[in-house]
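Trainee: Sharing final.txt (compact mmCIF, N, CA, C and O atoms) below.
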```
# COMPACT_ATOMS: atom_id res chain seq x y z
N MET A 1 12.72 -80.42 -86.35
CA MET A 1 11.84 -80.83 -85.28
C MET A 1 10.64 -79.89 -85.29
O MET A 1 10.76 -78.70 -85.39
N THR A 2 9.46 -80.47 -85.18
CA THR A 2 8.26 -79.66 -85.27
C THR A 2 7.59 -79.46 -83.92
O THR A 2 6.71 -78.64 -83.79
N GLY A 3 7.98 -80.21 -82.91
CA GLY A 3 7.34 -80.09 -81.60
C GLY A 3 7.94 -78.98 -80.78
O GLY A 3 8.65 -78.11 -81.26
N GLY A 4 7.64 -78.98 -79.50
CA GLY A 4 8.11 -77.93 -78.61
C GLY A 4 9.41 -78.30 -77.92
O GLY A 4 9.63 -77.90 -76.79
N GLY A 5 10.24 -79.08 -78.58
CA GLY A 5 11.51 -79.51 -77.99
C GLY A 5 12.52 -78.39 -77.90
O GLY A 5 12.23 -77.21 -78.12
N ARG A 6 13.74 -78.77 -77.58
CA ARG A 6 14.82 -77.81 -77.37
C ARG A 6 15.06 -76.91 -78.59
O ARG A 6 15.37 -75.75 -78.44
N TRP A 7 14.93 -77.46 -79.79
CA TRP A 7 15.25 -76.69 -81.00
C TRP A 7 14.00 -76.18 -81.72
O TRP A 7 14.01 -75.92 -82.90
N ALA A 8 12.91 -76.06 -81.01
CA ALA A 8 11.68 -75.56 -81.64
C ALA A 8 11.90 -74.14 -82.17
O ALA A 8 12.65 -73.36 -81.59
N ASP A 9 11.26 -73.83 -83.27
CA ASP A 9 11.40 -72.50 -83.87
C ASP A 9 10.54 -71.51 -83.10
O ASP A 9 9.32 -71.57 -83.12
N ARG A 10 11.19 -70.61 -82.40
CA ARG A 10 10.51 -69.58 -81.61
C ARG A 10 11.13 -68.22 -81.94
O ARG A 10 12.25 -68.15 -82.41
N PRO A 11 10.41 -67.16 -81.69
CA PRO A 11 11.00 -65.83 -81.88
C PRO A 11 12.23 -65.66 -81.00
O PRO A 11 12.29 -66.17 -79.89
N SER A 12 13.19 -64.97 -81.54
CA SER A 12 14.42 -64.71 -80.80
C SER A 12 14.75 -63.23 -80.88
O SER A 12 14.48 -62.58 -81.89
N ARG A 13 15.36 -62.70 -79.84
CA ARG A 13 15.77 -61.29 -79.88
C ARG A 13 16.90 -61.07 -80.89
O ARG A 13 17.21 -59.95 -81.24
N HIS A 14 17.50 -62.17 -81.35
CA HIS A 14 18.59 -62.06 -82.32
C HIS A 14 18.07 -62.03 -83.77
O HIS A 14 18.81 -61.72 -84.69
N ASP A 15 16.79 -62.39 -83.95
CA ASP A 15 16.19 -62.36 -85.28
C ASP A 15 15.86 -60.92 -85.67
O ASP A 15 15.37 -60.16 -84.86
N SER A 16 16.13 -60.59 -86.92
CA SER A 16 15.73 -59.26 -87.38
C SER A 16 14.23 -59.29 -87.64
O SER A 16 13.68 -60.32 -88.04
N PRO A 17 13.55 -58.18 -87.39
CA PRO A 17 12.10 -58.16 -87.61
C PRO A 17 11.76 -58.24 -89.09
O PRO A 17 12.50 -57.72 -89.93
N LEU A 18 10.69 -58.92 -89.40
CA LEU A 18 10.23 -58.99 -90.79
C LEU A 18 9.50 -57.69 -91.10
O LEU A 18 8.59 -57.29 -90.38
N THR A 19 9.92 -57.04 -92.14
CA THR A 19 9.26 -55.82 -92.57
C THR A 19 9.09 -55.88 -94.08
O THR A 19 9.73 -56.67 -94.76
N GLY A 20 8.25 -55.04 -94.58
CA GLY A 20 8.10 -54.94 -96.02
C GLY A 20 6.88 -55.67 -96.53
O GLY A 20 6.11 -56.28 -95.80
N LEU A 21 6.72 -55.59 -97.82
CA LEU A 21 5.61 -56.20 -98.53
C LEU A 21 5.99 -57.62 -98.90
O LEU A 21 7.03 -57.87 -99.49
N GLU A 22 5.13 -58.58 -98.53
CA GLU A 22 5.37 -59.98 -98.88
C GLU A 22 4.40 -60.39 -99.96
O GLU A 22 3.20 -60.12 -99.87
N VAL A 23 4.93 -61.04 -101.01
CA VAL A 23 4.12 -61.40 -102.16
C VAL A 23 4.45 -62.83 -102.58
O VAL A 23 5.62 -63.19 -102.70
N TRP A 24 3.41 -63.65 -102.78
CA TRP A 24 3.57 -64.97 -103.40
C TRP A 24 3.10 -64.83 -104.84
O TRP A 24 1.98 -64.43 -105.10
N LEU A 25 3.97 -65.17 -105.77
CA LEU A 25 3.63 -65.11 -107.19
C LEU A 25 3.46 -66.53 -107.73
O LEU A 25 4.22 -67.43 -107.36
N THR A 26 2.51 -66.73 -108.61
CA THR A 26 2.31 -68.01 -109.27
C THR A 26 2.13 -67.74 -110.75
O THR A 26 1.32 -66.90 -111.14
N GLY A 27 2.93 -68.42 -111.58
CA GLY A 27 2.82 -68.23 -113.02
C GLY A 27 3.88 -69.02 -113.74
O GLY A 27 4.60 -69.82 -113.13
N THR A 28 4.02 -68.78 -115.03
CA THR A 28 5.07 -69.44 -115.79
C THR A 28 6.41 -68.83 -115.39
O THR A 28 6.46 -67.71 -114.85
N PRO A 29 7.51 -69.53 -115.63
CA PRO A 29 8.82 -68.94 -115.30
C PRO A 29 9.04 -67.57 -115.94
O PRO A 29 9.57 -66.66 -115.29
N ALA A 30 8.60 -67.38 -117.18
CA ALA A 30 8.76 -66.07 -117.83
C ALA A 30 7.92 -65.01 -117.13
O ALA A 30 8.37 -63.87 -116.95
N GLU A 31 6.69 -65.36 -116.73
CA GLU A 31 5.83 -64.41 -116.02
C GLU A 31 6.43 -64.05 -114.66
O GLU A 31 6.39 -62.89 -114.25
N LEU A 32 6.98 -65.04 -113.96
CA LEU A 32 7.61 -64.77 -112.67
C LEU A 32 8.80 -63.84 -112.82
O LEU A 32 8.99 -62.93 -112.01
N ASP A 33 9.62 -64.07 -113.84
CA ASP A 33 10.78 -63.20 -114.08
C ASP A 33 10.34 -61.77 -114.33
O ASP A 33 10.89 -60.82 -113.75
N ALA A 34 9.32 -61.59 -115.18
CA ALA A 34 8.84 -60.25 -115.50
C ALA A 34 8.22 -59.57 -114.28
O ALA A 34 8.51 -58.41 -113.99
N ALA A 35 7.39 -60.29 -113.53
CA ALA A 35 6.75 -59.72 -112.35
C ALA A 35 7.78 -59.37 -111.28
O ALA A 35 7.69 -58.31 -110.65
N ALA A 36 8.77 -60.23 -111.07
CA ALA A 36 9.80 -59.95 -110.07
C ALA A 36 10.61 -58.71 -110.46
O ALA A 36 10.94 -57.88 -109.61
N ARG A 37 10.89 -58.55 -111.75
CA ARG A 37 11.63 -57.37 -112.23
C ARG A 37 10.84 -56.10 -111.98
O ARG A 37 11.37 -55.11 -111.48
N VAL A 38 9.56 -56.12 -112.30
CA VAL A 38 8.71 -54.94 -112.12
C VAL A 38 8.55 -54.60 -110.64
O VAL A 38 8.68 -53.43 -110.24
N LEU A 39 8.29 -55.60 -109.82
CA LEU A 39 8.12 -55.35 -108.38
C LEU A 39 9.42 -54.86 -107.75
O LEU A 39 9.41 -53.97 -106.90
N ALA A 40 10.54 -55.42 -108.14
CA ALA A 40 11.84 -54.99 -107.60
C ALA A 40 12.13 -53.54 -107.97
O ALA A 40 12.79 -52.82 -107.22
N ALA A 41 11.63 -53.09 -109.11
CA ALA A 41 11.85 -51.71 -109.54
C ALA A 41 11.07 -50.71 -108.68
O ALA A 41 11.37 -49.53 -108.68
N THR A 42 10.06 -51.18 -107.93
CA THR A 42 9.27 -50.29 -107.09
C THR A 42 9.93 -50.00 -105.75
O THR A 42 9.49 -49.12 -105.02
N GLY A 43 10.94 -50.74 -105.41
CA GLY A 43 11.60 -50.56 -104.12
C GLY A 43 12.89 -51.36 -104.07
O GLY A 43 13.58 -51.49 -105.07
N ARG A 44 13.16 -51.95 -102.90
CA ARG A 44 14.36 -52.77 -102.73
C ARG A 44 13.93 -54.20 -102.45
O ARG A 44 13.12 -54.45 -101.57
N LEU A 45 14.49 -55.14 -103.19
CA LEU A 45 14.18 -56.55 -102.99
C LEU A 45 14.92 -57.03 -101.75
O LEU A 45 16.14 -57.10 -101.72
N ALA A 46 14.17 -57.32 -100.68
CA ALA A 46 14.76 -57.73 -99.41
C ALA A 46 15.02 -59.23 -99.36
O ALA A 46 15.98 -59.69 -98.74
N CYS A 47 14.15 -60.01 -100.00
CA CYS A 47 14.29 -61.47 -99.97
C CYS A 47 13.59 -62.06 -101.17
O CYS A 47 12.49 -61.63 -101.53
N GLN A 48 14.25 -63.03 -101.79
CA GLN A 48 13.62 -63.77 -102.88
C GLN A 48 13.77 -65.25 -102.56
O GLN A 48 14.87 -65.74 -102.37
N GLY A 49 12.64 -65.95 -102.47
CA GLY A 49 12.66 -67.37 -102.15
C GLY A 49 13.08 -68.22 -103.34
O GLY A 49 13.26 -67.72 -104.45
N GLN A 50 13.19 -69.51 -103.09
CA GLN A 50 13.49 -70.45 -104.16
C GLN A 50 12.26 -70.64 -105.02
O GLN A 50 11.15 -70.77 -104.51
N ARG A 51 12.44 -70.66 -106.30
CA ARG A 51 11.33 -70.93 -107.21
C ARG A 51 10.94 -72.39 -107.05
O ARG A 51 11.79 -73.27 -107.02
N ARG A 52 9.64 -72.65 -106.93
CA ARG A 52 9.16 -74.01 -106.73
C ARG A 52 8.22 -74.37 -107.87
O ARG A 52 7.18 -73.75 -108.06
N MET A 53 8.62 -75.36 -108.66
CA MET A 53 7.81 -75.79 -109.79
C MET A 53 6.59 -76.55 -109.28
O MET A 53 6.67 -77.32 -108.33
N LEU A 54 5.44 -76.30 -109.91
CA LEU A 54 4.20 -76.94 -109.52
C LEU A 54 3.96 -78.19 -110.37
O LEU A 54 4.57 -78.36 -111.43
N THR A 55 3.09 -79.05 -109.90
CA THR A 55 2.81 -80.30 -110.60
C THR A 55 1.31 -80.42 -110.87
O THR A 55 0.53 -79.55 -110.49
N GLY A 56 0.92 -81.51 -111.49
CA GLY A 56 -0.49 -81.78 -111.76
C GLY A 56 -1.05 -80.82 -112.79
O GLY A 56 -0.43 -80.55 -113.82
N ALA A 57 -2.24 -80.28 -112.50
CA ALA A 57 -2.90 -79.36 -113.43
C ALA A 57 -2.10 -78.08 -113.63
O ALA A 57 -2.29 -77.38 -114.62
N ASP A 58 -1.21 -77.75 -112.69
CA ASP A 58 -0.38 -76.54 -112.79
C ASP A 58 1.02 -76.82 -113.33
O ASP A 58 1.92 -75.99 -113.18
N ALA A 59 1.23 -77.98 -113.92
CA ALA A 59 2.55 -78.32 -114.47
C ALA A 59 2.99 -77.24 -115.46
O ALA A 59 2.19 -76.73 -116.24
N GLY A 60 4.23 -76.84 -115.38
CA GLY A 60 4.76 -75.77 -116.23
C GLY A 60 4.68 -74.41 -115.57
O GLY A 60 5.18 -73.43 -116.10
N ARG A 61 4.04 -74.35 -114.40
CA ARG A 61 3.95 -73.10 -113.64
C ARG A 61 4.77 -73.25 -112.37
O ARG A 61 5.11 -74.34 -111.97
N ALA A 62 5.06 -72.14 -111.75
CA ALA A 62 5.89 -72.16 -110.55
C ALA A 62 5.38 -71.13 -109.56
O ALA A 62 4.57 -70.26 -109.90
N GLN A 63 5.87 -71.23 -108.33
CA GLN A 63 5.58 -70.24 -107.28
C GLN A 63 6.89 -69.59 -106.86
O GLN A 63 7.94 -70.22 -106.86
N LEU A 64 6.79 -68.33 -106.48
CA LEU A 64 7.96 -67.57 -106.05
C LEU A 64 7.54 -66.61 -104.95
O LEU A 64 6.52 -65.93 -105.07
N TYR A 65 8.32 -66.57 -103.87
CA TYR A 65 8.06 -65.67 -102.75
C TYR A 65 9.01 -64.48 -102.86
O TYR A 65 10.21 -64.63 -103.09
N LEU A 66 8.47 -63.27 -102.69
CA LEU A 66 9.27 -62.05 -102.69
C LEU A 66 8.92 -61.22 -101.47
O LEU A 66 7.77 -61.16 -101.05
N ARG A 67 9.92 -60.59 -100.88
CA ARG A 67 9.69 -59.58 -99.84
C ARG A 67 10.40 -58.31 -100.29
O ARG A 67 11.58 -58.34 -100.62
N LEU A 68 9.66 -57.21 -100.32
CA LEU A 68 10.19 -55.95 -100.84
C LEU A 68 10.05 -54.86 -99.80
O LEU A 68 9.09 -54.84 -99.03
N ASN A 69 11.00 -53.96 -99.78
CA ASN A 69 10.90 -52.76 -98.96
C ASN A 69 10.54 -51.61 -99.90
O ASN A 69 11.33 -51.24 -100.77
N ILE A 70 9.34 -51.11 -99.72
CA ILE A 70 8.82 -50.05 -100.58
C ILE A 70 8.50 -48.84 -99.71
O ILE A 70 7.80 -48.97 -98.70
N THR A 71 9.00 -47.69 -100.09
CA THR A 71 8.70 -46.47 -99.35
C THR A 71 7.41 -45.88 -99.90
O THR A 71 7.35 -45.50 -101.08
N PRO A 72 6.37 -45.85 -99.08
CA PRO A 72 5.13 -45.26 -99.59
C PRO A 72 5.26 -43.75 -99.72
O PRO A 72 5.65 -43.07 -98.79
N THR A 73 4.97 -43.26 -100.89
CA THR A 73 5.03 -41.82 -101.14
C THR A 73 3.77 -41.40 -101.86
O THR A 73 3.14 -42.19 -102.55
N ARG A 74 3.43 -40.16 -101.70
CA ARG A 74 2.28 -39.61 -102.43
C ARG A 74 2.77 -39.05 -103.74
O ARG A 74 3.81 -38.41 -103.80
N ARG A 75 1.99 -39.26 -104.75
CA ARG A 75 2.33 -38.72 -106.06
C ARG A 75 2.04 -37.23 -106.05
O ARG A 75 0.93 -36.82 -105.75
N THR A 76 3.05 -36.42 -106.34
CA THR A 76 2.87 -34.97 -106.31
C THR A 76 2.35 -34.42 -107.63
O THR A 76 1.72 -33.39 -107.66
N ILE A 77 2.64 -35.10 -108.71
CA ILE A 77 2.18 -34.66 -110.02
C ILE A 77 1.12 -35.66 -110.49
O ILE A 77 1.39 -36.85 -110.55
N PRO A 78 -0.08 -35.19 -110.77
CA PRO A 78 -1.10 -36.14 -111.23
C PRO A 78 -0.70 -36.76 -112.56
O PRO A 78 -0.01 -36.12 -113.36
N PRO A 79 -1.08 -38.00 -112.79
CA PRO A 79 -0.73 -38.62 -114.07
C PRO A 79 -1.37 -37.87 -115.23
O PRO A 79 -2.47 -37.34 -115.10
N ALA A 80 -0.66 -37.83 -116.33
CA ALA A 80 -1.17 -37.14 -117.52
C ALA A 80 -2.36 -37.89 -118.07
O ALA A 80 -2.35 -39.10 -118.16
N ARG A 81 -3.39 -37.15 -118.40
CA ARG A 81 -4.57 -37.78 -119.00
C ARG A 81 -4.35 -37.93 -120.49
O ARG A 81 -3.90 -37.00 -121.15
N PRO A 82 -4.66 -39.08 -121.01
CA PRO A 82 -4.51 -39.25 -122.46
C PRO A 82 -5.56 -38.41 -123.18
O PRO A 82 -6.54 -37.99 -122.59
N THR A 83 -5.32 -38.15 -124.44
CA THR A 83 -6.30 -37.42 -125.23
C THR A 83 -7.42 -38.37 -125.60
O THR A 83 -7.48 -38.90 -126.69
N SER A 84 -8.26 -38.63 -124.62
CA SER A 84 -9.34 -39.59 -124.82
C SER A 84 -10.57 -39.13 -124.04
O SER A 84 -10.53 -38.17 -123.30
N ASP A 85 -11.61 -39.87 -124.20
CA ASP A 85 -12.86 -39.59 -123.51
C ASP A 85 -13.12 -40.71 -122.51
O ASP A 85 -13.33 -41.85 -122.90
N ASP A 86 -13.07 -40.39 -121.22
CA ASP A 86 -13.29 -41.36 -120.15
C ASP A 86 -12.33 -42.55 -120.24
O ASP A 86 -12.71 -43.68 -120.00
N GLY A 87 -11.11 -42.32 -120.62
CA GLY A 87 -10.12 -43.37 -120.65
C GLY A 87 -10.10 -44.21 -121.91
O GLY A 87 -9.24 -45.06 -122.07
N ALA A 88 -11.04 -43.98 -122.82
CA ALA A 88 -11.08 -44.75 -124.05
C ALA A 88 -10.19 -44.08 -125.09
O ALA A 88 -10.13 -42.86 -125.18
N THR A 89 -9.50 -44.86 -125.86
CA THR A 89 -8.64 -44.31 -126.90
C THR A 89 -9.49 -43.75 -128.03
O THR A 89 -10.45 -44.38 -128.48
N VAL A 90 -9.14 -42.56 -128.47
CA VAL A 90 -9.86 -41.93 -129.58
C VAL A 90 -9.12 -42.28 -130.86
O VAL A 90 -7.95 -41.95 -131.04
N LEU A 91 -9.81 -42.99 -131.74
CA LEU A 91 -9.22 -43.39 -133.02
C LEU A 91 -9.64 -42.41 -134.10
O LEU A 91 -10.79 -41.96 -134.14
N ARG A 92 -8.69 -42.09 -134.97
CA ARG A 92 -9.00 -41.20 -136.09
C ARG A 92 -9.47 -42.05 -137.26
O ARG A 92 -8.80 -42.98 -137.66
N PHE A 93 -10.64 -41.72 -137.77
CA PHE A 93 -11.18 -42.45 -138.91
C PHE A 93 -11.14 -41.55 -140.14
O PHE A 93 -11.30 -40.32 -140.03
N PRO A 94 -10.93 -42.14 -141.30
CA PRO A 94 -10.93 -41.33 -142.52
C PRO A 94 -12.31 -40.74 -142.79
O PRO A 94 -13.32 -41.32 -142.40
N ASP A 95 -12.33 -39.59 -143.42
CA ASP A 95 -13.61 -38.99 -143.76
C ASP A 95 -13.64 -38.69 -145.27
O ASP A 95 -12.64 -38.85 -145.96
N ARG A 96 -14.77 -38.21 -145.74
CA ARG A 96 -14.90 -37.94 -147.17
C ARG A 96 -13.98 -36.84 -147.65
O ARG A 96 -13.48 -36.86 -148.76
N LEU A 97 -13.72 -35.85 -146.81
CA LEU A 97 -12.91 -34.71 -147.24
C LEU A 97 -11.43 -35.05 -147.33
O LEU A 97 -10.70 -34.47 -148.13
N SER A 98 -10.95 -35.98 -146.51
CA SER A 98 -9.51 -36.30 -146.54
C SER A 98 -9.19 -37.33 -147.61
O SER A 98 -8.04 -37.66 -147.82
N GLY A 99 -10.21 -37.87 -148.26
CA GLY A 99 -9.96 -38.83 -149.32
C GLY A 99 -9.48 -40.17 -148.79
O GLY A 99 -8.78 -40.90 -149.46
N GLY A 100 -9.81 -40.48 -147.55
CA GLY A 100 -9.44 -41.78 -146.99
C GLY A 100 -8.24 -41.72 -146.09
O GLY A 100 -7.91 -42.68 -145.41
N ALA A 101 -7.53 -40.58 -146.06
CA ALA A 101 -6.36 -40.47 -145.18
C ALA A 101 -6.83 -40.05 -143.80
O ALA A 101 -7.69 -39.20 -143.66
N ALA A 102 -6.23 -40.63 -142.82
CA ALA A 102 -6.61 -40.29 -141.44
C ALA A 102 -5.87 -39.10 -140.95
O ALA A 102 -4.80 -38.79 -141.32
```
Please lay out the structure from this file as structure tokens.
Mentor:
Amino acid sequence: MTGGGRWADRPSRHDSPLTGLEVWLTGTPAELDAAARVLAATGRLACQGQRRMLTGADAGRAQLYLRLNITPTRRTIPPARPTSDDGATVLRFPDRLSGGAA
């Protein structure tokens, strides 16, 4: 029932409060599996909805709802900087002295 009748969906003191990060994912089934695995590794998976296959131009793709409980923490150790310049990978090129070996 969608109206304001006797069984209308209203907040109840018996309902647990919704908490956590809510995410709607859209992608191929393999992409959804990978994304759900990675997101679940960041915290605790509180709720996972039913996968819903899409139609039309999005045929072959699906949507998935996730709710996660993630404890926000500050990183105490800064991430290691790669041996690069401004984030770019430094490639070793052969020179005349090495005879072509890098």
Trainee: Taking (4.1, -67.6, -106.2) in the file's coordinates, which residues come within 9 Å, counting only C-alpha atoms, written as a list in words?
Mentor: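 In the file's frame, the residues around the point are Val23, Trp24, Leu25, Thr26, Gly27, Leu32, Arg51, Arg52, Ala62, Gln63, Leu64, Tyr65 and Leu66 of chain A.
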Trainee: Which polymer residues, whether protein, DNA or RNA, lie within 7 Å of the coordinate (13.4, -59.2, -99.3) when you count only N, CA, C and O atoms? List them as a PyMOL selection string, using the chain letters and numbers from the file.
Mentor: chain A and resi 19+21+44-48+66-69
Trainee: How far is it from atom CA of Pro29 of chain A to atom CA of Gly60 of chain A, in Å with one decimal?
Mentor: 8.0 Å
Trainee: Figure out the distance between atom C of Gly20 of chain A and atom CA of Gly43 of chain A, please, to one decimal in Å.
Mentor: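 Computed distance, atom CA of Gly43 of chain A to atom C of Gly20 of chain A, equals 10.3 Å.
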Trainee: For a test of reading the model, state the distance in Å between atom CA of Leu54 of chain A and atom CA of Thr42 of chain A, rounded to one decimal.
Mentor: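 Distance between the two atoms: 27.2 Å.
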Trainee: Run DSSP on the backbone of this structure and report the residues of segment 17-49 of chain A it assigns to strand (DSSP E), as a list in words.
Mentor: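 Strand (DSSP E) assignments inside segment 17-49 of chain A correspond to Leu21, Glu22, Val23, Trp24, Leu25, Thr26, Gly27, Arg44, Leu45, Ala46, Cys47 and Gln48 of chain A.
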